[in-house]
Amino acid sequence: LREYRRGDPIRHIHWRSWAKTGKPIVMEFEDEFFVRHALVLDPRGIEPRLWLAQLLTATGRIDEGWSEVERAWAGDSLNPRVGFFLFHSLRAARRTEDLSRWASRAPMTAPDLRFFGHLGAHRADSALASAPASIHRVMALVALGRLADARDSAAALAAATEAARESGTTVFINFDDAAIAWAAVGDLDRAFTALERSYAVRSGNDFPLLKVSPMFDNLRGDPRYHDLLRRMHLDP
C-alpha cells in the first residue's frame, strides 16, 4: 500500500485504508514470477553419471536411472560408489530377484543386497541372520512378526542416532534410518518426525528416494507424506 498518485487507477484504491488515514491509499502490485533452476550434469564421468541415475530414480524415472547405473558399472565396476547406487536403484525398482544375483558381483554392497534379497523372497530368518545393521534387524523382526522386539530395536536405533548427533562424532546423520525403523513398526508420528529432521539437514541415504523407495511404503497413505513430497518438488 502507498499514497495515491495522480494517474493511479481508481480500482486500485484501498478504501479501508483511506477511511482509516483520511488520505487516499492505493494498492501496489508486484509482478509474480517463478524461479526455475537447472542442474547440468556431464554423464561422461562415473560420478556425474551416478548422480544422474539418482536424480532419475528419485523422480520416478526408474528404468532410465537403472540404465545409467549399468553404464557406470560398465565403466568402473570396482568403484564402491557404483555398488552403492546400484543397490538403491535395484531396491527402488523392486527387483527382488536381482538383489541376490548382484550380491556376488558387487562385493562392496553385498551385505545389503543379500539381506534385501532374502527379505524379498520371504526368507525372514535368513534376513535376520544376515542383517548388516540395526535398521535391517528391525525390518527382519517385523517380517518375522516379532513386533515387540522390533519396537525395542527401533528405539535403540533412534537413540543411537541422537547420541551420534549430540556427540558430533560424525557429520552425516541418517535420520531417515530412524524414520524407516519407526515406519516399519507402525509408529508414523515418530517416522515423520525423523523425516522432517532429514529434510531440515538434507541428509540421508534413502531420503532422496522418498517417492519411490519401498522403505516408505507404510507412509504413502498419510497426508504428511504427500506434503513432504510437495516440498521436495517430487509430488506429481
# chains A, B, ... in the order shown; residues from 1 in each chain; ligands from 1

$ residues_around --residues "A:Asp235" --least-positions-apart "5" --cutoff "7 Å" --atoms "only C-alpha atoms" --output "compact mmCIF listing (two decimals) with N, CA, C and O atoms, in the first residue's frame"
# COMPACT_ATOMS: atom_id res chain seq x y z
N HIS A 226 2.64 -36.77 1.46
CA HIS A 226 2.46 -36.01 0.22
C HIS A 226 2.88 -34.55 0.40
O HIS A 226 3.37 -33.92 -0.54
N LEU A 229 6.63 -34.65 0.00
CA LEU A 229 6.96 -34.78 -1.42
C LEU A 229 6.79 -33.44 -2.14
O LEU A 229 7.61 -33.07 -3.00
N ARG A 230 5.72 -32.73 -1.80
CA ARG A 230 5.48 -31.43 -2.44
C ARG A 230 6.61 -30.46 -2.14
O ARG A 230 7.11 -29.77 -3.04

$ select_by_dssp --residues "stretch 7-229 of chain A" --states "helix (DSSP H, G or I)" --output "PyMOL selection string"
chain A and resi 10-12+15-21+46-58+62-75+80-92+96-103+107-120+124-129+134-143+147-167+175-184+188-201+207-209+214-219+223-229

$ residues_around --residues "A:Ala133" --least-positions-apart "4" --cutoff "10 Å" --atoms "only C-alpha atoms" --output "list of chain:residue names"
A:Pro111, A:Asp112, A:Arg137, A:Val138, A:Leu157

$ write_last_selection --atoms "all heavy atoms" --output "short mmCIF file (atom, residue, chain, number, x, y, z; two decimals), in the first residue's frame"
data_model
loop_
_atom_site.label_atom_id
_atom_site.label_comp_id
_atom_site.auth_asym_id
_atom_site.auth_seq_id
_atom_site.Cartn_x
_atom_site.Cartn_y
_atom_site.Cartn_z
N PRO A 111 26.39 -57.22 1.49
CA PRO A 111 25.53 -57.48 2.65
C PRO A 111 24.13 -56.90 2.50
O PRO A 111 23.14 -57.57 2.83
CB PRO A 111 26.30 -56.81 3.80
CG PRO A 111 27.72 -56.82 3.36
CD PRO A 111 27.66 -56.60 1.88
N ASP A 112 24.04 -55.66 1.98
CA ASP A 112 22.71 -55.06 1.77
C ASP A 112 21.94 -55.79 0.69
O ASP A 112 20.74 -56.06 0.85
CB ASP A 112 22.87 -53.58 1.39
CG ASP A 112 23.30 -52.71 2.54
OD1 ASP A 112 22.54 -52.64 3.52
OD2 ASP A 112 24.38 -52.11 2.47
N ARG A 137 17.84 -55.17 11.03
CA ARG A 137 17.32 -56.04 12.08
C ARG A 137 15.86 -55.71 12.38
O ARG A 137 15.03 -56.60 12.54
CB ARG A 137 18.17 -55.90 13.35
CG ARG A 137 17.67 -56.72 14.52
CD ARG A 137 18.62 -56.64 15.72
NE ARG A 137 18.01 -57.29 16.88
CZ ARG A 137 17.99 -58.60 17.08
NH1 ARG A 137 18.54 -59.40 16.18
NH2 ARG A 137 17.43 -59.11 18.15
N VAL A 138 15.54 -54.42 12.42
CA VAL A 138 14.16 -54.00 12.67
C VAL A 138 13.24 -54.59 11.61
O VAL A 138 12.19 -55.18 11.92
CB VAL A 138 14.04 -52.47 12.69
CG1 VAL A 138 12.56 -52.04 12.79
CG2 VAL A 138 14.82 -51.89 13.86
N LEU A 157 17.87 -47.84 17.85
CA LEU A 157 18.46 -47.20 16.68
C LEU A 157 18.28 -45.68 16.75
O LEU A 157 19.21 -44.91 16.49
CB LEU A 157 17.82 -47.75 15.42
CG LEU A 157 18.39 -47.31 14.07
CD1 LEU A 157 18.14 -48.39 13.02
CD2 LEU A 157 17.78 -46.00 13.59
#

$ closest_residue --among "A:Ala183, A:Leu141, A:Leu90, A:Ala148" --to "A:Val212" --atoms "only C-alpha atoms"
A:Leu90

$ residues_around --residues "stretch 19-26 of chain A" --least-positions-apart "6" --cutoff "6 Å" --atoms "only C-alpha atoms" --output "VMD selection string"
chain A and resid 1 to 4 12 to 13

$ write_last_selection --atoms "N, CA and C atoms" --output "PDB file, in the first residue's frame"
ATOM      1  N   LEU A   1       0.836  -1.189   0.000  1.00  0.00           N
ATOM      2  CA  LEU A   1       0.000   0.000   0.000  1.00  0.00           C
ATOM      3  C   LEU A   1       0.877   1.247   0.000  1.00  0.00           C
ATOM      4  N   ARG A   2       0.400   2.302  -0.684  1.00  0.00           N
ATOM      5  CA  ARG A   2       1.107   3.593  -0.709  1.00  0.00           C
ATOM      6  C   ARG A   2       0.079   4.685  -0.942  1.00  0.00           C
ATOM      7  N   GLU A   3       0.529   5.941  -0.794  1.00  0.00           N
ATOM      8  CA  GLU A   3      -0.379   7.062  -1.023  1.00  0.00           C
ATOM      9  C   GLU A   3      -0.700   7.200  -2.513  1.00  0.00           C
ATOM     10  N   TYR A   4      -1.883   7.668  -2.758  1.00  0.00           N
ATOM     11  CA  TYR A   4      -2.354   7.842  -4.133  1.00  0.00           C
ATOM     12  C   TYR A   4      -1.494   8.862  -4.871  1.00  0.00           C
ATOM     13  N   HIS A  12      -7.697   0.616  -7.959  1.00  0.00           N
ATOM     14  CA  HIS A  12      -6.634   0.188  -7.058  1.00  0.00           C
ATOM     15  C   HIS A  12      -6.714   0.878  -5.689  1.00  0.00           C
ATOM     16  N   ILE A  13      -7.677   1.737  -5.508  1.00  0.00           N
ATOM     17  CA  ILE A  13      -7.800   2.422  -4.214  1.00  0.00           C
ATOM     18  C   ILE A  13      -8.191   1.425  -3.128  1.00  0.00           C
TER      19      ILE A  13
END

$ closest_residue --among "A:Ala184, A:Ala155, A:Ala179, A:Leu219" --to "A:Asp206" --atoms "only C-alpha atoms"
A:Ala179

$ closest_residue --among "A:Leu86, A:Ala131, A:His233, A:Arg81" --to "A:Pro208" --atoms "only C-alpha atoms"
A:His233

$ atom_distance --atom1 "atom CA of A:Met215" --atom2 "atom CA of A:Asn79"
25.3 Å

$ residues_around --residues "stretch 64-73 of chain A" --least-positions-apart "3" --cutoff "8 Å" --atoms "only C-alpha atoms" --output "PyMOL selection string"
chain A and resi 46+49-50+52-57+61+76-77+82+85-86+89-90

$ atom_distance --atom1 "atom CA of A:Ala106" --atom2 "atom CA of A:Phe87"
8.9 Å

$ closest_residue --among "A:Arg5, A:Arg190, A:His118, A:Arg123" --to "A:Arg151" --atoms "only C-alpha atoms"
A:Arg190

$ atom_distance --atom1 "atom CA of A:Trp51" --atom2 "atom CA of A:Gly83"
13.0 Å

$ closest_residue --among "A:Asn174, A:Ser167, A:Asp217, A:Val201" --to "A:Gly186" --atoms "only C-alpha atoms"
A:Asp217
